[in-house]
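*Asks:* What follows is a single structure, and I will ask about it in a moment.
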Amino acid sequence: MSDAAFDTATYYDCVDSEEYSHETPEDAIEAYLDGFMTPNCDAEKTIRETLAGSEHLTVKAYNRDEAQPKWADAVARQLVERANDAWTEEYGDPDGDGFGAQATRYLGEEFAKALRWVIAREQVWACTKCDERRYTVDEVLALMRTHSPGWFRASTT
């Protein structure tokens, strides 16, 4: 994996999460460490203690997935099948096969077209890990001194 993949990722996280919201590695590290911080604590000591026993803190990088047109086709087939079953149960010939070939083809095309329209306009939230970077304790401290300087000012009072 390359530095470019990490540096251009959409989201970052230090834990396994199903909700990605940290737009920078620093935000992810801050969110991870924030739960260990207490008012007026010694931030450096807290960070060192939190990361004690680990040689590094791993930040994982994620990119949004892309919805594929084949998804629309697969769901369209499922919708046609459900519509056909519902039609047969409510209105169709109990001994028949449901929709005819022309209606089945038309519905499949229209459902797929509607789903592709949705894909083009909706935001995909699913993400896939594309890279990770390991930070030493000293690197974490340097990043947090810049990113969250208030932690360190509070620790000197």
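Going through the structure tokens in order, the chains are called A, B, and so on, while each chain numbers its residues from 1 and the ligands are numbered from 1 in the order shown.
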Would you mind listing what lies within 12 Å of stretch 53-63 of chain A as an MDAnalysis selection string, with only C-alpha atoms counted and same-chain residues fewer than 5 positions away left out?

*Replies:* chainID A and resid 1:33 47:48 124:141

*Asks:* Please provide as a list of chain:residue names all residues within 8 Å of stretch 74-86 of chain A, with the sequence filter that same-chain residues fewer than 4 positions apart are discarded (counting only C-alpha atoms).

*Replies:*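 Using only C-alpha atoms, the neighbours found are A:Lys70, A:Glu90, A:Gly98, A:Phe99, A:Thr104, A:Leu107, A:Gly108, A:Glu109, A:Phe111, A:Ala112, A:Leu115.
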
*Asks:* Please measure the separation of atom CA of A:Trp87 and atom CA of A:Ala101, giving the value in Å to one decimal.

*Replies:*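 Taking atom CA of A:Trp87 and atom CA of A:Ala101, their separation equals 14.2 Å.
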
*Asks:* Tell me, in Å to one decimal, how far atom CA of A:Arg121 is from atom CA of A:Glu66.

*Replies:* 12.0 Å

*Asks:* Please extract the residues of stretch 2-113 of chain A with a backbone DSSP assignment of strand (DSSP E) and present them as number ranges by chain.

*Replies:* A: 11-13, 57-64

*Asks:* Which one of A:Met37, A:Ala114, A:Ala52, A:Ala120 sits closest to A:Gln68 if you count only C-alpha atoms?

*Replies:*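 Result for the nearest residue to A:Gln68: A:Ala120.
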